[in-house]
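Notes to accompany the following structure.
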Amino acid sequence: MIEEFRKQTESVLAQVRDATGNFREIDRVDTVVNLPVAVSANVATLANRARDFRAKLGYETAFHESLAETETVDALTVVDLIRRAFPAGDAPAARSTLFIFLKRYPEPPGDNQKRLWRYLTSARSLCDRLKNEAETHLKRAQSLDSAGKENEALREYREIYRIYPNPVTAKRIRLLENQPR
């Protein structure tokens with residue numbers, strides 16, 4: 001049972017590695033696309049199998065016998081989540097997911113997962129950098145908005161969304177676009 005779980009984890013790890021260009025580091029949000037449907041489905045199936053595996057084997061035994069695989073499954077699930085969040089315009093959700101995961105698992109469990117961890121760390125670094133960049137525009141947009149300069153504020157909010165896509169900014173853009181001029 002443990003060996004079968006290891007093999008399935010390696011297989012899905014290889015699929016995600018291929019789908020991400022060998023875990024090529026993320027340097028722009030707009031280049032991130034969803035994992036292929038089949039790969040995403042395999043990640044979900046593996047995550048469910050990991051839960052079942054832990055329940056059947058017992059959490060202590062699973063922890064000691066397959067810690068590397070368990071952490072890898074969690075990392076692959078995060079890859080799938082962030083590759084959905086970015087294209088959906090929710091960089092803060094990706095950032096939060098990455099922060100929680102990397103706080104819990106700051107180091108890869110083995111050499112085989114180092115590229116995966118660098119990939120996730122690059123995504124978090126990108127999110128942090130873009131959030132900081134967007135905050136500068138947010139201050140400007142809020143100032144313009146409160147001064148009644150809706151057109152200029154709208155341009156700033158669009159720039160924020162381009163830099164760091166998120167649902168709150170998207171909503172603010174829609175509100176400004178729908179205001180009578």
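Going through the structure tokens in order, the chains are called A, B, and so on, while each chain numbers its residues from 1 and the ligands are numbered from 1 in the order shown.
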Using only C-alpha atoms, what table do you get, as CSV, when you list each residue of stretch 15-109 of chain A with an atom no more than 12 Å from stretch 158-163 of chain A, its nearest pair of atoms, and their distance in Å rounded to one decimal, rows by chain then rising number?
residue,atom,partner,partner_atom,distance
A:Arg28,CA,A:Ile163,CA,9.2
A:Val29,CA,A:Ile163,CA,8.1
A:Asp30,CA,A:Arg162,CA,8.6
A:Phe86,CA,A:Ile163,CA,11.4
A:Pro87,CA,A:Arg162,CA,11.7
A:Ala88,CA,A:Tyr161,CA,11.8
A:Gly89,CA,A:Tyr161,CA,8.2
A:Asp90,CA,A:Tyr161,CA,9.7
A:Ala91,CA,A:Ile163,CA,9.6
A:Pro92,CA,A:Tyr161,CA,11.5
Who sits within 12 Å of stretch 136-145 of chain A, only C-alpha atoms, same chain under 2 positions skipped, as a PyMOL selection string
chain A and resi 129-134+147-164+168-169+172-173+175-176
Write the selection just made, keeping N, CA and C atoms, as an mmCIF file, in the first residue's frame?
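Ended up saving to selection_37.cif:
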data_model
loop_
_atom_site.group_PDB
_atom_site.id
_atom_site.type_symbol
_atom_site.label_atom_id
_atom_site.label_comp_id
_atom_site.auth_asym_id
_atom_site.auth_seq_id
_atom_site.Cartn_x
_atom_site.Cartn_y
_atom_site.Cartn_z
ATOM 1 N N ARG A 129 6.060 40.864 -4.169
ATOM 2 C CA ARG A 129 6.576 42.015 -4.919
ATOM 3 C C ARG A 129 5.440 42.772 -5.604
ATOM 4 N N LEU A 130 4.539 42.035 -6.241
ATOM 5 C CA LEU A 130 3.440 42.671 -6.950
ATOM 6 C C LEU A 130 2.448 43.338 -6.002
ATOM 7 N N LYS A 131 2.228 42.730 -4.850
ATOM 8 C CA LYS A 131 1.335 43.337 -3.851
ATOM 9 C C LYS A 131 1.905 44.683 -3.416
ATOM 10 N N ASN A 132 3.185 44.715 -3.150
ATOM 11 C CA ASN A 132 3.829 45.977 -2.740
ATOM 12 C C ASN A 132 3.738 47.023 -3.846
ATOM 13 N N GLU A 133 3.953 46.604 -5.073
ATOM 14 C CA GLU A 133 3.866 47.530 -6.198
ATOM 15 C C GLU A 133 2.436 48.058 -6.362
ATOM 16 N N ALA A 134 1.468 47.188 -6.184
ATOM 17 C CA ALA A 134 0.059 47.587 -6.327
ATOM 18 C C ALA A 134 -0.365 48.544 -5.216
ATOM 19 N N ALA A 147 -11.070 62.560 -4.256
ATOM 20 C CA ALA A 147 -11.054 63.917 -4.807
ATOM 21 C C ALA A 147 -12.068 64.063 -5.948
ATOM 22 N N GLY A 148 -12.807 63.001 -6.221
ATOM 23 C CA GLY A 148 -13.822 63.068 -7.262
ATOM 24 C C GLY A 148 -13.279 62.902 -8.672
ATOM 25 N N LYS A 149 -12.064 62.455 -8.799
ATOM 26 C CA LYS A 149 -11.449 62.268 -10.119
ATOM 27 C C LYS A 149 -11.582 60.790 -10.514
ATOM 28 N N GLU A 150 -12.834 60.435 -10.841
ATOM 29 C CA GLU A 150 -13.147 59.028 -11.105
ATOM 30 C C GLU A 150 -12.391 58.450 -12.295
ATOM 31 N N ASN A 151 -12.236 59.214 -13.370
ATOM 32 C CA ASN A 151 -11.534 58.693 -14.553
ATOM 33 C C ASN A 151 -10.085 58.355 -14.239
ATOM 34 N N GLU A 152 -9.417 59.263 -13.516
ATOM 35 C CA GLU A 152 -8.026 59.007 -13.142
ATOM 36 C C GLU A 152 -7.934 57.860 -12.151
ATOM 37 N N ALA A 153 -8.888 57.815 -11.216
ATOM 38 C CA ALA A 153 -8.912 56.720 -10.239
ATOM 39 C C ALA A 153 -9.127 55.381 -10.958
ATOM 40 N N LEU A 154 -10.036 55.387 -11.929
ATOM 41 C CA LEU A 154 -10.301 54.169 -12.694
ATOM 42 C C LEU A 154 -9.044 53.674 -13.389
ATOM 43 N N ARG A 155 -8.270 54.576 -13.952
ATOM 44 C CA ARG A 155 -6.998 54.177 -14.597
ATOM 45 C C ARG A 155 -6.057 53.527 -13.579
ATOM 46 N N GLU A 156 -6.000 54.090 -12.382
ATOM 47 C CA GLU A 156 -5.132 53.517 -11.342
ATOM 48 C C GLU A 156 -5.628 52.134 -10.912
ATOM 49 N N TYR A 157 -6.947 51.999 -10.740
ATOM 50 C CA TYR A 157 -7.488 50.698 -10.344
ATOM 51 C C TYR A 157 -7.237 49.653 -11.436
ATOM 52 N N ARG A 158 -7.331 50.036 -12.675
ATOM 53 C CA ARG A 158 -7.017 49.100 -13.768
ATOM 54 C C ARG A 158 -5.552 48.692 -13.727
ATOM 55 N N GLU A 159 -4.694 49.643 -13.398
ATOM 56 C CA GLU A 159 -3.264 49.331 -13.284
ATOM 57 C C GLU A 159 -3.022 48.381 -12.115
ATOM 58 N N ILE A 160 -3.704 48.614 -11.017
ATOM 59 C CA ILE A 160 -3.592 47.705 -9.866
ATOM 60 C C ILE A 160 -3.994 46.294 -10.292
ATOM 61 N N TYR A 161 -5.116 46.217 -11.002
ATOM 62 C CA TYR A 161 -5.601 44.904 -11.420
ATOM 63 C C TYR A 161 -4.640 44.234 -12.393
ATOM 64 N N ARG A 162 -4.026 45.002 -13.248
ATOM 65 C CA ARG A 162 -3.045 44.451 -14.182
ATOM 66 C C ARG A 162 -1.845 43.894 -13.416
ATOM 67 N N ILE A 163 -1.417 44.643 -12.403
ATOM 68 C CA ILE A 163 -0.240 44.249 -11.628
ATOM 69 C C ILE A 163 -0.544 43.080 -10.699
ATOM 70 N N TYR A 164 -1.641 43.204 -9.954
ATOM 71 C CA TYR A 164 -1.962 42.252 -8.886
ATOM 72 C C TYR A 164 -3.466 41.960 -8.909
ATOM 73 N N VAL A 168 -11.391 42.334 -5.143
ATOM 74 C CA VAL A 168 -11.772 43.634 -4.579
ATOM 75 C C VAL A 168 -11.544 44.743 -5.600
ATOM 76 N N THR A 169 -10.404 44.722 -6.255
ATOM 77 C CA THR A 169 -10.110 45.737 -7.271
ATOM 78 C C THR A 169 -11.031 45.571 -8.479
ATOM 79 N N ARG A 172 -14.222 47.195 -7.622
ATOM 80 C CA ARG A 172 -14.114 48.659 -7.623
ATOM 81 C C ARG A 172 -14.106 49.196 -9.062
ATOM 82 N N ILE A 173 -13.438 48.503 -9.948
ATOM 83 C CA ILE A 173 -13.415 48.893 -11.369
ATOM 84 C C ILE A 173 -14.831 48.859 -11.942
ATOM 85 N N LEU A 175 -17.648 49.129 -10.379
ATOM 86 C CA LEU A 175 -18.440 50.225 -9.804
ATOM 87 C C LEU A 175 -18.120 51.549 -10.485
ATOM 88 N N LEU A 176 -16.849 51.822 -10.673
ATOM 89 C CA LEU A 176 -16.455 53.070 -11.318
ATOM 90 C C LEU A 176 -16.902 53.116 -12.781
#
Please report the interatomic distance between atom CA of A:Val16 and atom CA of A:Asp74 in Å with one decimal.
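A separation of 12.8 Å between them.
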Quick one, how far is atom CA of A:Lys56 from atom CA of A:Val39?
25.2 Å
Measuring atom to atom with only C-alpha atoms, identify which of A:Glu3, A:Tyr119, A:Ile26, A:Thr9 is nearest to A:Asn48.
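For A:Asn48, the nearest of the given residues is A:Thr9.
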Atom CA of A:Leu116 to atom CA of A:Phe101 measures 12.5 Å
Residue neighbourhood A:Gly21, 12 Å, only C-alpha atoms, exclusion window fewer than 6 positions, as a list of chain:residue names:
A:Ala14, A:Gln15, A:Val32, A:Val33, A:Leu35, A:Arg115, A:Leu116, A:Tyr119
8 Å contact set for A:Ala47, only C-alpha atoms, chain neighbours under 3 positions out, as an MDAnalysis selection string:
chainID A and resid 43:44 50:51 73:74 77
Using only C-alpha atoms, find the one residue out of A:Ala93, A:Leu67, A:Glu25, A:Pro165 that sits nearest to A:Pro108.
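Closest residue, counting only C-alpha atoms: A:Leu67.
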Quick one: everything within 9 Å of A:Phe5, counting only C-alpha atoms, minus sequence neighbours fewer than 5 positions away in the same chain. Send it as a list of chain:residue names.
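Once the nearby chain positions are removed, what remains is A:Glu10, A:Leu46, A:Arg49, A:Ala50, A:Phe53, A:Ser66, A:Glu69.
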Counting only C-alpha atoms, what is within 9 Å of A:Ser122, bar same-chain residues fewer than 4 positions away, as a list in words?
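With the cut-off at 9 Å, the set is Glu25, Ile26, Asp27, Trp117, Arg118, Leu126 and Cys127 of chain A.
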Nearest to A:Thr61: which of A:Pro36, A:Leu81, A:Ile2, A:Glu135 is it, counting only C-alpha atoms?
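So, comparing all the options, the nearest one is A:Ile2.
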Alpha helix (DSSP H) per DSSP on the backbone: members of chain A, as a ChimeraX atom specification
/A:2-19,37-57,59-65,67-85,91-104,114-146,150-163,167-178
I need the residue nearest A:Ser40 from this list: A:Glu107, A:Arg83, A:Leu120, A:Ala94. Use only C-alpha atoms for the distance.
A:Arg83
Pick out the closest residue to A:Ile82 from this set: A:Asn22, A:Asn34, A:Ser125, A:Asn166. Count only C-alpha atoms.
A:Asn34
